[in-house]
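Presented below is the structure to which this report refers.
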Amino acid sequence: MIERLQGIAIFLAYFRLLIIGLGIGFLTIIMLSLFANPWLNGDDWLIPAVMGLCWSLTLYSFSQLFAVVPARAADDASWRIKLSVVTRRGLLWVLALLMGCLSLALLVLSYELLRTWL
């Protein structure tokens with residue numbers, strides 16, 4: 001499973017600059033909305049900007065966390081190498097479960113925010 005996540009992270013790596021740009025743009029909209037800028041009247045775009053910033057941070061962290069997944073240790077490797085690989089892959093499994101929970105929570109948050117905004 002973490003090999004599939006690595007494939008998704010490698011695909012997202014092509015769009016890393018776009019994701020960073022969108023995150024900076026959403027953060028700019030949030031700051032302009034909070035500091036009563038004359039360009040944005042009220043806080044009409046605050047909820048979509050918060051949601052977009054959360055998604056861009058999640059996509060960026062996903063592309064960084066799963067970009068490098070260690071290969072399985074060979075059978076003839078020493079016990080230290082096997083332990084190191086098992087530990088790193090185990091931590092990636094834990095991170096994968098946490099990212100799945102975060103994505104599910106972000107989907108629910110997006111639904112609730114869009115329902116409130118519309």
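Letters for chains follow the order of the structure tokens (A, B, ...), residue numbers begin at 1 for each chain, and ligand numbers begin at 1 in the order shown.
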Enumerate the residues of chain A with a DSSP assignment of helix (DSSP H, G or I), computed from the backbone, and present them as an NGL selection string. :A and (2-13 or 16-34 or 46-65 or 79-117)
Pick out the residues sitting within 9 Å of A:Leu59, and hand them over as a PyMOL selection string; count only C-alpha atoms, and ignore anything fewer than 4 positions along from it in its own chain. chain A and resi 9+12+16+19+54-55+63-64
Between A:Ala13, A:Leu18, A:Met31, A:Ala105, which residue has the minimum interatomic distance to A:Phe62, considering only C-alpha atoms?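 The closest residue to A:Phe62 is A:Ala13.
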With distances taken over only C-alpha atoms, which residue among A:Leu109, A:Ala49, A:Met1, A:Leu17 lies nearest A:Arg89?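 Of A:Leu109, A:Ala49, A:Met1, A:Leu17, the one nearest A:Arg89, counting only C-alpha atoms, is A:Met1.
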Pairwise distance, atom CA of A:Pro48 with atom CA of A:Phe35, equals 16.8 Å
Using only C-alpha atoms, determine which residues lie at most 12 Å from A:Ser33, disregarding the query and same-chain residues fewer than 5 positions distant; provide the list as number ranges by chain. A: 26-28, 38-50
Please produce an output containing N, CA and C atoms for each residue in the selection, written as a PDB file, in the first residue's frame.
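The resulting file, again-v2.pdb, is shown below:
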ATOM      1  N   PHE A  26      -4.037  31.297  -1.342  1.00  0.00           N
ATOM      2  CA  PHE A  26      -5.103  31.170  -0.346  1.00  0.00           C
ATOM      3  C   PHE A  26      -4.728  31.874   0.954  1.00  0.00           C
ATOM      4  N   LEU A  27      -3.465  31.787   1.343  1.00  0.00           N
ATOM      5  CA  LEU A  27      -3.024  32.478   2.551  1.00  0.00           C
ATOM      6  C   LEU A  27      -3.120  33.992   2.375  1.00  0.00           C
ATOM      7  N   THR A  28      -2.831  34.477   1.182  1.00  0.00           N
ATOM      8  CA  THR A  28      -2.971  35.906   0.892  1.00  0.00           C
ATOM      9  C   THR A  28      -4.427  36.334   0.990  1.00  0.00           C
ATOM     10  N   PRO A  38      -9.513  46.935   1.346  1.00  0.00           N
ATOM     11  CA  PRO A  38     -10.588  47.420   0.462  1.00  0.00           C
ATOM     12  C   PRO A  38     -10.783  46.567  -0.792  1.00  0.00           C
ATOM     13  N   TRP A  39      -9.825  45.709  -1.122  1.00  0.00           N
ATOM     14  CA  TRP A  39      -9.985  44.845  -2.291  1.00  0.00           C
ATOM     15  C   TRP A  39     -11.030  43.779  -2.061  1.00  0.00           C
ATOM     16  N   LEU A  40     -11.145  43.294  -0.827  1.00  0.00           N
ATOM     17  CA  LEU A  40     -12.120  42.265  -0.494  1.00  0.00           C
ATOM     18  C   LEU A  40     -13.111  42.837   0.508  1.00  0.00           C
ATOM     19  N   ASN A  41     -14.337  43.019   0.093  1.00  0.00           N
ATOM     20  CA  ASN A  41     -15.355  43.536   0.999  1.00  0.00           C
ATOM     21  C   ASN A  41     -15.898  42.402   1.854  1.00  0.00           C
ATOM     22  N   GLY A  42     -15.745  42.518   3.145  1.00  0.00           N
ATOM     23  CA  GLY A  42     -16.264  41.504   4.054  1.00  0.00           C
ATOM     24  C   GLY A  42     -15.407  40.259   4.050  1.00  0.00           C
ATOM     25  N   ASP A  43     -16.018  39.186   4.481  1.00  0.00           N
ATOM     26  CA  ASP A  43     -15.299  37.911   4.556  1.00  0.00           C
ATOM     27  C   ASP A  43     -15.953  36.857   3.668  1.00  0.00           C
ATOM     28  N   ASP A  44     -16.375  37.271   2.490  1.00  0.00           N
ATOM     29  CA  ASP A  44     -17.060  36.355   1.577  1.00  0.00           C
ATOM     30  C   ASP A  44     -16.160  35.214   1.107  1.00  0.00           C
ATOM     31  N   TRP A  45     -14.880  35.465   0.963  1.00  0.00           N
ATOM     32  CA  TRP A  45     -13.969  34.462   0.420  1.00  0.00           C
ATOM     33  C   TRP A  45     -13.104  33.813   1.497  1.00  0.00           C
ATOM     34  N   LEU A  46     -13.422  34.074   2.758  1.00  0.00           N
ATOM     35  CA  LEU A  46     -12.608  33.527   3.842  1.00  0.00           C
ATOM     36  C   LEU A  46     -12.775  32.007   3.973  1.00  0.00           C
ATOM     37  N   ILE A  47     -13.994  31.516   3.916  1.00  0.00           N
ATOM     38  CA  ILE A  47     -14.228  30.073   4.072  1.00  0.00           C
ATOM     39  C   ILE A  47     -13.610  29.271   2.930  1.00  0.00           C
ATOM     40  N   PRO A  48     -13.790  29.656   1.656  1.00  0.00           N
ATOM     41  CA  PRO A  48     -13.110  28.880   0.597  1.00  0.00           C
ATOM     42  C   PRO A  48     -11.590  28.980   0.670  1.00  0.00           C
ATOM     43  N   ALA A  49     -11.076  30.115   1.137  1.00  0.00           N
ATOM     44  CA  ALA A  49      -9.626  30.260   1.250  1.00  0.00           C
ATOM     45  C   ALA A  49      -9.066  29.370   2.353  1.00  0.00           C
ATOM     46  N   VAL A  50      -9.766  29.270   3.476  1.00  0.00           N
ATOM     47  CA  VAL A  50      -9.323  28.385   4.552  1.00  0.00           C
ATOM     48  C   VAL A  50      -9.355  26.936   4.082  1.00  0.00           C
TER      49      VAL A  50
END
Quick one: distance from atom CA of A:Val86 to atom CA of A:Ala74 in Å, one decimal?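 So the answer is 11.5 Å.
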Could you check the closest approach to A:Val85 for each of A:Ala71, A:Tyr111, A:Leu106, A:Leu98 and tell me which residue wins, using only C-alpha atoms? A:Ala71
